[in-house]
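Shown next: coords28.txt, given as compact mmCIF, C-alpha atoms and all ligand atoms.
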```txt
# COMPACT_ATOMS: atom_id res chain seq x y z
CA MET I 1 172.84 144.93 -15.09
CA LEU I 2 176.00 143.16 -16.21
CA ILE I 3 176.84 143.36 -19.92
CA LEU I 4 179.45 140.91 -21.19
CA PHE I 5 181.01 141.61 -24.57
CA ASP I 6 182.68 139.07 -26.81
CA ILE I 7 185.78 140.63 -28.42
CA ASP I 8 186.53 139.33 -31.93
CA LEU I 9 183.96 140.43 -34.54
CA THR I 10 181.68 141.76 -31.80
CA LEU I 11 183.71 144.73 -30.49
CA ILE I 12 186.53 144.75 -33.03
CA SER I 13 187.96 143.40 -36.26
CA THR I 14 191.66 142.71 -36.64
CA PHE I 15 191.34 141.02 -40.04
CA GLY I 16 192.28 137.58 -38.85
CA SER I 17 195.44 138.73 -37.06
CA GLY I 18 194.98 136.13 -34.34
CA MET I 19 194.85 133.24 -36.81
CA HIS I 20 197.91 134.50 -38.68
CA ALA I 21 199.88 135.04 -35.47
CA LEU I 22 199.08 131.51 -34.28
CA GLU I 23 200.14 130.12 -37.64
CA GLN I 24 203.45 132.00 -37.43
CA ALA I 25 203.98 130.79 -33.87
CA GLY I 26 203.47 127.21 -35.04
CA LYS I 27 205.82 127.61 -37.98
CA ASP I 28 208.54 129.03 -35.68
CA LEU I 29 208.19 126.10 -33.31
CA PHE I 30 207.50 123.18 -35.62
CA GLY I 31 208.56 124.20 -39.13
CA ALA I 32 207.09 125.69 -42.29
CA SER I 33 204.60 122.87 -42.83
CA PHE I 34 202.63 123.89 -39.72
CA THR I 35 199.07 124.65 -40.83
CA ILE I 36 195.92 126.15 -39.34
CA LYS I 37 193.67 124.85 -42.12
CA GLY I 38 190.87 122.71 -40.75
CA VAL I 39 190.66 124.26 -37.29
CA GLU I 40 187.59 126.33 -36.34
CA PHE I 41 188.43 129.65 -34.68
CA ALA I 42 185.18 131.64 -34.48
CA GLY I 43 183.73 131.89 -30.99
CA ARG I 44 186.07 129.27 -29.52
CA LEU I 45 188.44 129.37 -26.55
CA ASP I 46 192.12 130.02 -27.35
CA PRO I 47 193.30 127.05 -25.23
CA LEU I 48 191.04 124.72 -27.25
CA ILE I 49 192.21 126.23 -30.55
CA ILE I 50 195.86 125.67 -29.57
CA ASP I 51 195.15 122.05 -28.58
CA ASP I 52 193.39 121.47 -31.93
CA LEU I 53 196.33 123.03 -33.81
CA LEU I 54 198.84 120.82 -31.99
CA ARG I 55 196.77 117.70 -32.75
CA LEU I 56 196.18 118.67 -36.38
CA ASN I 57 199.93 119.08 -36.87
CA GLY I 58 200.81 115.81 -35.16
CA ARG I 59 202.39 117.42 -32.08
CA ALA I 60 202.00 116.41 -28.46
CA VAL I 61 199.35 118.34 -26.54
CA SER I 62 201.76 119.06 -23.67
CA ALA I 63 202.04 121.93 -21.20
CA GLU I 64 205.35 122.85 -22.81
CA HIS I 65 203.89 123.06 -26.33
CA ARG I 66 200.81 124.93 -25.11
CA GLU I 67 202.94 127.55 -23.36
CA ALA I 68 205.33 127.91 -26.31
CA MET I 69 202.39 128.46 -28.68
CA ARG I 70 200.84 131.01 -26.33
CA ARG I 71 204.10 132.95 -26.06
CA GLY I 72 204.73 132.81 -29.81
CA TYR I 73 201.19 133.94 -30.47
CA ALA I 74 201.70 137.13 -28.42
CA THR I 75 205.08 137.75 -30.07
CA HIS I 76 203.61 137.65 -33.58
CA LEU I 77 200.31 139.34 -32.77
CA GLY I 78 201.71 142.70 -31.60
CA PRO I 79 203.45 143.77 -34.83
CA ARG I 80 200.55 142.57 -36.98
CA LEU I 81 197.93 144.55 -35.05
CA VAL I 82 199.70 147.87 -35.60
CA GLN I 83 199.95 147.52 -39.36
CA PRO I 84 197.93 150.27 -41.08
CA GLY I 85 194.22 149.49 -41.43
CA VAL I 86 194.33 146.16 -39.61
CA SER I 87 192.72 146.98 -36.26
CA ARG I 88 189.39 148.75 -35.89
CA PRO I 89 186.36 148.88 -33.62
CA LEU I 90 183.15 147.70 -35.33
CA PRO I 91 180.29 150.11 -36.16
CA GLY I 92 178.60 151.63 -33.12
CA VAL I 93 180.94 150.03 -30.60
CA MET I 94 182.64 153.17 -29.31
CA ALA I 95 179.33 155.03 -28.89
CA LEU I 96 177.70 152.08 -27.13
CA LEU I 97 180.68 151.62 -24.81
CA ASP I 98 180.61 155.34 -23.97
CA ARG I 99 176.91 155.09 -23.23
CA VAL I 100 177.00 152.06 -20.95
CA ARG I 101 180.21 153.14 -19.21
CA ALA I 102 178.47 156.35 -18.19
CA ARG I 103 175.68 154.47 -16.40
CA ARG I 104 176.01 153.72 -12.71
CA ASP I 105 173.48 150.88 -12.93
CA VAL I 106 175.54 148.96 -15.49
CA GLU I 107 178.74 146.99 -15.09
CA ILE I 108 180.60 145.83 -18.18
CA GLY I 109 183.06 143.05 -18.89
CA VAL I 110 184.52 140.96 -21.65
CA LEU I 111 183.54 137.32 -22.03
CA THR I 112 185.90 135.99 -24.62
CA GLY I 113 187.89 133.06 -25.93
CA ASN I 114 190.98 135.28 -25.92
CA PHE I 115 193.83 134.95 -23.45
CA PRO I 116 193.98 138.14 -21.34
CA GLU I 117 197.35 139.29 -22.67
CA THR I 118 196.51 138.90 -26.36
CA GLY I 119 192.87 139.97 -25.96
CA GLY I 120 194.11 143.13 -24.25
CA MET I 121 196.57 143.76 -27.11
CA LYS I 122 193.74 143.49 -29.64
CA LEU I 123 191.48 145.89 -27.73
CA ARG I 124 194.23 148.48 -27.23
CA ALA I 125 195.15 148.33 -30.93
CA CYS I 126 191.53 149.29 -31.69
CA GLY I 127 191.48 152.21 -29.26
CA ILE I 128 189.57 150.35 -26.54
CA ASP I 129 191.10 150.40 -23.06
CA PRO I 130 190.85 146.97 -21.41
CA GLY I 131 190.62 148.88 -18.11
CA TRP I 132 187.09 149.97 -19.06
CA PHE I 133 185.94 146.40 -18.35
CA ASN I 134 185.76 145.48 -14.68
CA VAL I 135 184.08 142.07 -14.59
CA ASN I 136 185.78 139.79 -17.11
CA ALA I 137 185.92 136.14 -18.06
CA TRP I 138 188.89 135.36 -20.31
CA GLY I 139 189.48 132.32 -22.50
CA ASP I 140 191.79 130.58 -20.04
CA GLU I 141 189.50 131.01 -17.03
CA SER I 142 187.17 128.03 -17.32
CA PRO I 143 187.52 126.17 -13.99
CA HIS I 144 186.76 122.83 -15.66
CA ASP I 145 188.65 120.33 -17.82
CA PRO I 146 187.99 120.33 -20.72
CA PRO I 147 187.33 124.06 -20.68
CA ASP I 148 184.24 125.44 -22.39
CA ARG I 149 182.79 128.86 -23.08
CA GLU I 150 179.67 127.75 -21.16
CA HIS I 151 181.73 127.90 -17.97
CA LEU I 152 182.58 131.58 -18.39
CA PRO I 153 179.34 133.43 -17.47
CA PRO I 154 179.49 132.02 -13.91
CA VAL I 155 183.14 133.18 -13.69
CA ALA I 156 182.05 136.73 -14.57
CA MET I 157 179.10 136.56 -12.18
CA ALA I 158 181.41 135.46 -9.35
CA ARG I 159 183.65 138.45 -10.13
CA TYR I 160 180.61 140.71 -10.00
CA ARG I 161 179.79 139.40 -6.55
CA GLU I 162 183.38 139.95 -5.35
CA ARG I 163 183.36 143.51 -6.64
CA HIS I 164 179.89 144.53 -5.46
CA GLY I 165 179.45 142.37 -2.39
CA ARG I 166 176.17 140.96 -3.72
CA ALA I 167 175.20 138.40 -6.31
CA ILE I 168 173.64 139.23 -9.65
CA GLU I 169 170.76 137.18 -11.04
CA ALA I 170 171.44 135.47 -14.34
CA SER I 171 168.47 137.25 -15.92
CA ARG I 172 170.28 140.56 -15.30
CA VAL I 173 173.33 139.41 -17.26
CA VAL I 174 173.50 139.99 -21.03
CA VAL I 175 176.03 138.31 -23.31
CA ILE I 176 176.73 140.09 -26.62
CA GLY I 177 178.40 138.03 -29.33
CA ASP I 178 178.67 137.16 -33.01
CA THR I 179 178.56 133.34 -33.00
CA PRO I 180 176.24 130.52 -31.89
CA HIS I 181 178.83 129.77 -29.16
CA ASP I 182 178.03 133.13 -27.55
CA ALA I 183 174.30 132.34 -27.57
CA ARG I 184 174.81 128.88 -26.10
CA CYS I 185 177.01 130.07 -23.24
CA ALA I 186 174.36 132.65 -22.31
CA LEU I 187 171.33 130.38 -22.64
CA VAL I 188 172.64 127.43 -20.62
CA ASN I 189 173.33 129.86 -17.76
CA GLY I 190 169.95 131.62 -17.93
CA CYS I 191 171.46 134.87 -19.24
CA ARG I 192 170.10 137.08 -22.00
CA ALA I 193 171.85 137.06 -25.36
CA LEU I 194 172.23 139.75 -28.01
CA GLY I 195 173.57 138.57 -31.36
CA VAL I 196 175.41 140.92 -33.67
CA ALA I 197 175.92 139.95 -37.31
CA THR I 198 179.33 141.56 -37.74
CA GLY I 199 181.06 138.17 -37.82
CA LEU I 200 180.79 135.13 -40.04
CA SER I 201 177.28 134.13 -38.94
CA SER I 202 174.25 135.54 -40.78
CA ILE I 203 171.31 137.17 -39.01
CA GLY I 204 169.27 134.04 -39.76
CA ALA I 205 171.90 131.70 -38.35
CA LEU I 206 172.18 133.81 -35.20
CA ARG I 207 168.38 133.86 -34.75
CA SER I 208 168.16 130.09 -35.01
CA SER I 209 170.98 129.65 -32.50
CA GLY I 210 168.75 131.14 -29.80
CA PHE I 211 169.82 134.77 -29.33
CA HIS I 212 166.96 136.71 -27.74
CA ARG I 213 167.61 139.54 -30.12
CA VAL I 214 169.80 139.89 -33.23
CA VAL I 215 171.05 143.13 -34.77
CA GLU I 216 173.04 143.83 -37.93
CA ASN I 217 175.60 145.83 -35.93
CA LEU I 218 175.74 147.86 -32.71
CA SER I 219 175.16 151.27 -34.29
CA GLU I 220 171.55 151.84 -33.11
CA THR I 221 172.82 153.05 -29.74
CA ASP I 222 169.51 154.24 -28.22
CA ASP I 223 167.57 151.17 -29.26
CA ILE I 224 170.27 148.72 -28.13
CA GLU I 225 170.78 150.49 -24.81
CA ALA I 226 167.02 150.35 -24.18
CA TRP I 227 166.89 146.62 -24.96
CA LEU I 228 169.93 145.87 -22.82
CA LEU I 229 168.34 147.61 -19.86
CA ASP I 230 164.74 146.47 -20.13
CA GLY I 231 165.50 143.01 -18.80
CA LYS I 232 163.11 141.18 -21.12
CA MET I 233 164.13 138.00 -22.88
CA ALA I 234 161.88 138.40 -25.94
CA ARG I 235 163.04 139.84 -29.27
MG MG I 301 183.49 136.61 -31.66
```
Would you mind writing the structure in this file as structure tokens?
Ligand SMILES: [Mg+2]
Amino acid sequence: MLILFDIDLTLISTFGSGMHALEQAGKDLFGASFTIKGVEFAGRLDPLIIDDLLRLNGRAVSAEHREAMRRGYATHLGPRLVQPGVSRPLPGVMALLDRVRARRDVEIGVLTGNFPETGGMKLRACGIDPGWFNVNAWGDESPHDPPDREHLPPVAMARYRERHGRAIEASRVVVIGDTPHDARCALVNGCRALGVATGLSSIGALRSSGFHRVVENLSETDDIEAWLLDGKMAR
């Protein structure tokens, strides 16, 4: 079994630190009028968010601007994450990670819109070691243009094959996430999807976006572990 965790509002909360850090990066580069208002962040890939921000603020979507925003984002994110009370794992996450990490029949990874450097900073700030995750698909790893979250499960599955020397069937891959984007990327690839309502989407909204199962949070460790491992699509 391969379990792929979204990061923001699935594993952790950093109280919008990413959005604020991107806003600060934009203000440094382009002036105080730079705004993030009107751009959707939840469940989206960081490269697409940066392109939207550049467009919204009337700036060229160039390699130079993309790289400058990415660097500025990391610069501003670090100090914000370590402010008291900002960074925390969500309910049940540490216990569930302990449980699945202890199993030899389970491999875990992140499948996230985050860049690896800033996603790793967020996890570490919440007491989660990025090194626990061996089969990852990060936000800048879509092999297609334009990139899309839908492209990421196959990236993780290819990594699984490299690591284990054998392929994994899509039905043995579970994506855990807090937005309809997480459900969609799982479903179009034939993977199972577990929705967790610790983000902005309600339980009802997550159910109607196609998750095979939806939970309020990840704190029912035994029950969630059993569902993850039973291989069935149904709720
Ligand atoms: Mg999320």
Original post:
Using only C-alpha atoms, which residue out of I:Arg184, I:Arg70, I:Arg80, I:His65 lies closest to His20 in chain I?
Top reply: I:Arg80
Hey, can I get the axis-aligned box for range 129-138 of chain I? All listed atoms, 6 Å padding on each side, centre and edge lengths in Å to one decimal, as JSON.
```
{"center_x": 187.6, "center_y": 142.9, "center_z": -18.8, "size_x": 19.0, "size_y": 27.0, "size_z": 20.5}
```
Subject >> Residues near range 35-45 of chain I, cut-off 6 Å, all atoms listed in the file, skip fewer than 5 positions along chain, as a ChimeraX atom specification >> reply: /I:113,139,179,181
Output file for the residues above (C-alpha atoms, as an mmCIF file, in the frame of the given file):
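In the end it all went to part.cif:
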```cif
data_model
loop_
_atom_site.group_PDB
_atom_site.id
_atom_site.type_symbol
_atom_site.label_atom_id
_atom_site.label_comp_id
_atom_site.auth_asym_id
_atom_site.auth_seq_id
_atom_site.Cartn_x
_atom_site.Cartn_y
_atom_site.Cartn_z
ATOM 1 C CA GLY I 113 187.890 133.060 -25.930
ATOM 2 C CA GLY I 139 189.480 132.320 -22.500
ATOM 3 C CA THR I 179 178.560 133.340 -33.000
ATOM 4 C CA HIS I 181 178.830 129.770 -29.160
#
```
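The smallest atom-to-atom distance between His164 in chain I and any of I:Lys27, I:Leu11, I:Val106, I:Asp6, using only C-alpha atoms, is found for I:Val106.
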Original post:
So which residues touch Ala137 in chain I within 7 Å, counting only C-alpha atoms, skipping near sequence neighbours fewer than 3 positions away, as a list in words?
Top reply: Val110, Leu111, Thr112, Glu141, Leu152, Val155 and Ala156 of chain I
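When all atoms listed in the file are used to measure the gap to Leu187 in chain I, the shortest distance among I:Glu169, I:Asp140, I:Glu216, I:Glu150 belongs to I:Glu150.
Across the structure, CA of Ser209 in chain I and CA of Thr10 in chain I are spaced 16.2 Å apart.
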**OP:** Pick out the residues sitting within 6 Å of Arg88 in chain I, and hand them over as a ChimeraX atom specification; count only C-alpha atoms, and ignore anything fewer than 6 positions along from it in its own chain.
**Re:** /I:12-13,126
Original post:
Using only C-alpha atoms, which residues sit within 8 Å of Ser171 in chain I once same-chain residues fewer than 2 positions away are excluded, as a PyMOL selection string?
Top reply: chain I and resi 169+173-174+190-192+231
Could you write out that same residue set with C-alpha atoms as an mmCIF file, in the coordinates of the input?
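And here's out_2.cif as it stands now:
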```cif
data_model
loop_
_atom_site.group_PDB
_atom_site.id
_atom_site.type_symbol
_atom_site.label_atom_id
_atom_site.label_comp_id
_atom_site.auth_asym_id
_atom_site.auth_seq_id
_atom_site.Cartn_x
_atom_site.Cartn_y
_atom_site.Cartn_z
ATOM 1 C CA GLU I 169 170.760 137.180 -11.040
ATOM 2 C CA VAL I 173 173.330 139.410 -17.260
ATOM 3 C CA VAL I 174 173.500 139.990 -21.030
ATOM 4 C CA GLY I 190 169.950 131.620 -17.930
ATOM 5 C CA CYS I 191 171.460 134.870 -19.240
ATOM 6 C CA ARG I 192 170.100 137.080 -22.000
ATOM 7 C CA GLY I 231 165.500 143.010 -18.800
#
```
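Atom pair CA of Asp52 in chain I / CA of Leu206 in chain I: separated by 24.8 Å.
Between CA of Ala32 in chain I and CA of Thr75 in chain I the interatomic distance comes to 17.3 Å.
Of the residues listed (I:Leu229, I:Leu90, I:Cys185, I:Ile128), I:Leu90 shows the shortest atom-to-atom separation from Asn217 in chain I; distances use all atoms listed in the file.
In this comparison, which uses all atoms listed in the file, the residue of I:Gly119, I:Gly131, I:Gly210, I:Gly92 approaching Thr198 in chain I most closely is I:Gly92.
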